[in-house]
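To keep things clear, I will list the structure first and then write my remarks on it.
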Amino acid sequence: MSPSRRPTTFELTDDRFLADFRSMSAHGATAAGGVHREAGTPADTANRHWFHGLLEGYGATVVYDDIGNQFGLWELVPGQPYVLLGSHLDSQPYGGRFDGAYGVLCGAHACARLAAGVRSGELNAPRHNVAVVNWFNEEGSRFKPSMMGSSVFTGKSTAADMLAVTDADGVTVREALDGAELPGPTDVPLSQFSSYAEIHIEQGKDMDEKGYTIGVVEKTWGARKYQLTVHGFQSHTGSTLLEDRQDALYGAASIITSIREIGDKYTTPENPLVTSCGQLTVVPNSPVVVARGAELLVDLRCGQESTLQAADDEFRAALHDIEDRANVRIELRGSHAWEEQSYTPEGVTLAESIAEHLGLPAVRTRTRAGHDSTNVKDVLPTVMLFVPSYQGISHNELEFTEDSDMVAGLSMFTETLKALATTRPGTDDVEGVSA
């Protein structure tokens, strides 16, 4: 659809949303029903081009900032700031098609519905403009760290530093973005926006098991994420005695075992601690060679800061013991952490009132996973919402959310946008979330 032929509210149906979601899911589609769409890859680039066209067809102006964040802007009240909705379109390797992408498409449809309603006179002129964003490299699987685009947008890192980051093959973020052949960067300042909202699958099983349709996120879990290198000495597995070995793989395995034991030690039914090793690279990774090096990524996450800190302290102490036992040197090459924090209280109250008005079963919850809203909530009033995820499966091709939950979330997100951006006819004057 060309920009001159914009859809009406009658045309922006739930079925159309689901059809757009199926179209989007074809980019990087895997045989098992997921997507393989890491940031800056051909599949991600194809999806960005597709989304660019979708946004223009729905009446938005599309721009990109220095780090590749993709914005769709609907200017309805010239000179006023924008309410921003969004999430991310990139995925983990062989990940699910809902994670992130559902929220971006929800944002696009919510904005298009509001814009169509204003043009038709069904809605009063809003106080704010509306926008959607596809944050670059939220997953952090190809380029580290994760939540890269929102980190630059919020000033927590610089575009220059992030553009210089390389993947495992030495390709920089800048090179990946240049290869996407999308329009050049535009200045998109934070001051242009008044508030932010994000909707996402829960990535947990609580809502699915308990029958809730909407999760209203009130807090984040805290997290500690580490990039570690274990330095050993390469030698022959058959001829090198155990007491003479400096086995980097043994050191890495000890780290993995230690962090799991710490998780088991500190977790309780009321206060779980989750610990993981998500990536391990061994050098030279040969069957008859004692490894000279190993790189691994580990993380600890918990909803109680005191427990997280105690576990983190014990983990750091364990690293010294592992160095002695395995006769290796462990180098901490990078870390990424965030504390347990609250979302905008007025946003929580607003979301709960909207869910009640729509008759959607809702529950206050916390997010265990990191999201771009984790960054944005520190600089803009933010609403964070969940829809159920079947059995909590995520970062997996089997990730699944029912169509009925997807369209309920779209209705919830659309009404949230209206409350943040406009006064609805026949209701009280709704200012939305205050800073």
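Residue numbering restarts at 1 in every chain; chains get A, B, ... in the order shown in the structure tokens, and ligands count up from 1 in that same order.
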
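For Arg224 in chain A, the list of residues within 9 Å, based on only C-alpha atoms and with local chain neighbours fewer than 6 positions off taken out, reads Val298, Asp299, Leu300, Arg301, Leu308, Asp312, Ser335, His336, Ala337, Trp338 and Glu339 of chain A.
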
Q: Name the residues of range 66-136 of chain A that come out as strand (DSSP E) in a backbone DSSP run; write them as a VMD selection string.
A: chain A and resid 70 to 74 82 to 87 129 to 134

Q. Which is closer to Glu75 in chain A than all the others in A:Cys277, A:Tyr212, A:Met24, A:Arg127, using only C-alpha atoms?
A. A:Arg127

Q) Can you list, as a list in words, every protein, DNA or RNA residue that comes within 12 Å of Met207 in chain A when you count only C-alpha atoms, leaving out same-chain residues fewer than 2 positions away? A) Ile201, Glu202, Gln203, Gly204, Lys205, Glu209, Lys210, Gly211, Tyr212, Thr213, Ile214, Gly215, Val216, Pro361, Ala362, Val363, Arg364, Thr365, Arg366, Leu385, Phe386, Val387, Pro388, Ser389, Tyr390, Gln391, Gly392, Thr401 and Asp405 of chain A

Q.
Quick check for you: according to DSSP on this backbone, which residues of range 102-237 of chain A are classed as alpha helix (DSSP H)? Reply as number ranges by chain.
A. A: 102-120, 148-153, 159-163, 173-179, 206-210

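Proximity of A:Gly107, A:Pro126, A:Gly100, A:Gly33 to Ser411 in chain A, computed with only C-alpha atoms, is greatest for A:Gly107.
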
Q | Who sits within 12 Å of Glu218 in chain A, only C-alpha atoms, same chain under 5 positions skipped, as a count of residues only | A | 28

Wanna dump the range 71-145 of chain A-range 192-198 of chain A contacts at 9 Å for me, each residue with its shortest atom pair and the distance in Å to one decimal, counting only C-alpha atoms, ordered by chain and number, as a tab-separated table?
```
residue	atom	partner	partner_atom	distance
A:Gln80	CA	A:Gln192	CA	8.1
A:Pro81	CA	A:Phe193	CA	5.0
A:Tyr82	CA	A:Phe193	CA	4.6
A:Val83	CA	A:Ser195	CA	5.1
A:Leu84	CA	A:Tyr196	CA	4.7
A:Leu85	CA	A:Ala197	CA	4.9
A:Gly86	CA	A:Glu198	CA	5.4
A:Ser87	CA	A:Glu198	CA	6.2
A:Gly103	CA	A:Glu198	CA	6.5
A:Val104	CA	A:Glu198	CA	8.2
A:Gly107	CA	A:Glu198	CA	7.8
A:His128	CA	A:Ser194	CA	7.9
A:Asn129	CA	A:Phe193	CA	8.8
A:Val130	CA	A:Phe193	CA	9.0
A:Ala131	CA	A:Phe193	CA	8.9
```

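All residues of protein, DNA or RNA that reach within 9 Å of Ala176 in chain A, judged by only C-alpha atoms and not counting those fewer than 4 positions away in the chain, are A:Ala39, A:Gly40, A:Thr41, A:Val171, A:Thr172, A:Ala180.
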
Just-selected residues, N, CA, C and O atoms written as an mmCIF file, in the first residue's frame:
```
data_model
loop_
_atom_site.group_PDB
_atom_site.id
_atom_site.type_symbol
_atom_site.label_atom_id
_atom_site.label_comp_id
_atom_site.auth_asym_id
_atom_site.auth_seq_id
_atom_site.Cartn_x
_atom_site.Cartn_y
_atom_site.Cartn_z
ATOM 1 N N ALA A 39 21.092 -9.911 14.548
ATOM 2 C CA ALA A 39 21.203 -8.507 14.149
ATOM 3 C C ALA A 39 22.213 -8.320 13.015
ATOM 4 O O ALA A 39 23.333 -8.825 13.067
ATOM 5 N N GLY A 40 21.787 -7.588 11.985
ATOM 6 C CA GLY A 40 22.681 -7.239 10.903
ATOM 7 C C GLY A 40 22.938 -8.333 9.886
ATOM 8 O O GLY A 40 23.734 -8.143 8.971
ATOM 9 N N THR A 41 22.281 -9.484 10.015
ATOM 10 C CA THR A 41 22.424 -10.562 9.055
ATOM 11 C C THR A 41 21.476 -10.318 7.878
ATOM 12 O O THR A 41 20.577 -9.478 7.952
ATOM 13 N N VAL A 171 33.575 -8.790 11.714
ATOM 14 C CA VAL A 171 32.727 -7.793 11.063
ATOM 15 C C VAL A 171 32.239 -6.799 12.111
ATOM 16 O O VAL A 171 31.738 -7.194 13.170
ATOM 17 N N THR A 172 32.392 -5.516 11.839
ATOM 18 C CA THR A 172 31.955 -4.511 12.794
ATOM 19 C C THR A 172 30.465 -4.219 12.631
ATOM 20 O O THR A 172 29.868 -4.487 11.584
ATOM 21 N N ALA A 180 23.445 -3.142 5.002
ATOM 22 C CA ALA A 180 21.985 -3.266 4.952
ATOM 23 C C ALA A 180 21.360 -2.365 3.888
ATOM 24 O O ALA A 180 20.210 -2.567 3.509
#
```

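For the choices A:Val132, A:Gly59, A:Ser286, A:Asp244, the atom-to-atom distance to Leu417 in chain A is smallest for A:Val132 when using only C-alpha atoms.
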
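In this model, the gap between CA of Cys111 in chain A and CA of Arg16 in chain A comes to 14.4 Å.
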
Q.
What's the separation between CA of Asp208 in chain A and CA of Ile393 in chain A, in Å to one decimal place?
A. 10.6 Å

Q. Skipping near chain neighbours, those fewer than 3 positions away, what residues fall within 10 Å of Ala164 in chain A using only C-alpha atoms, listed as a list in words?
A. Ala159, Ala160, Asp161, Asp167, Val171, Thr172, Val173, Arg174 and Glu175 of chain A
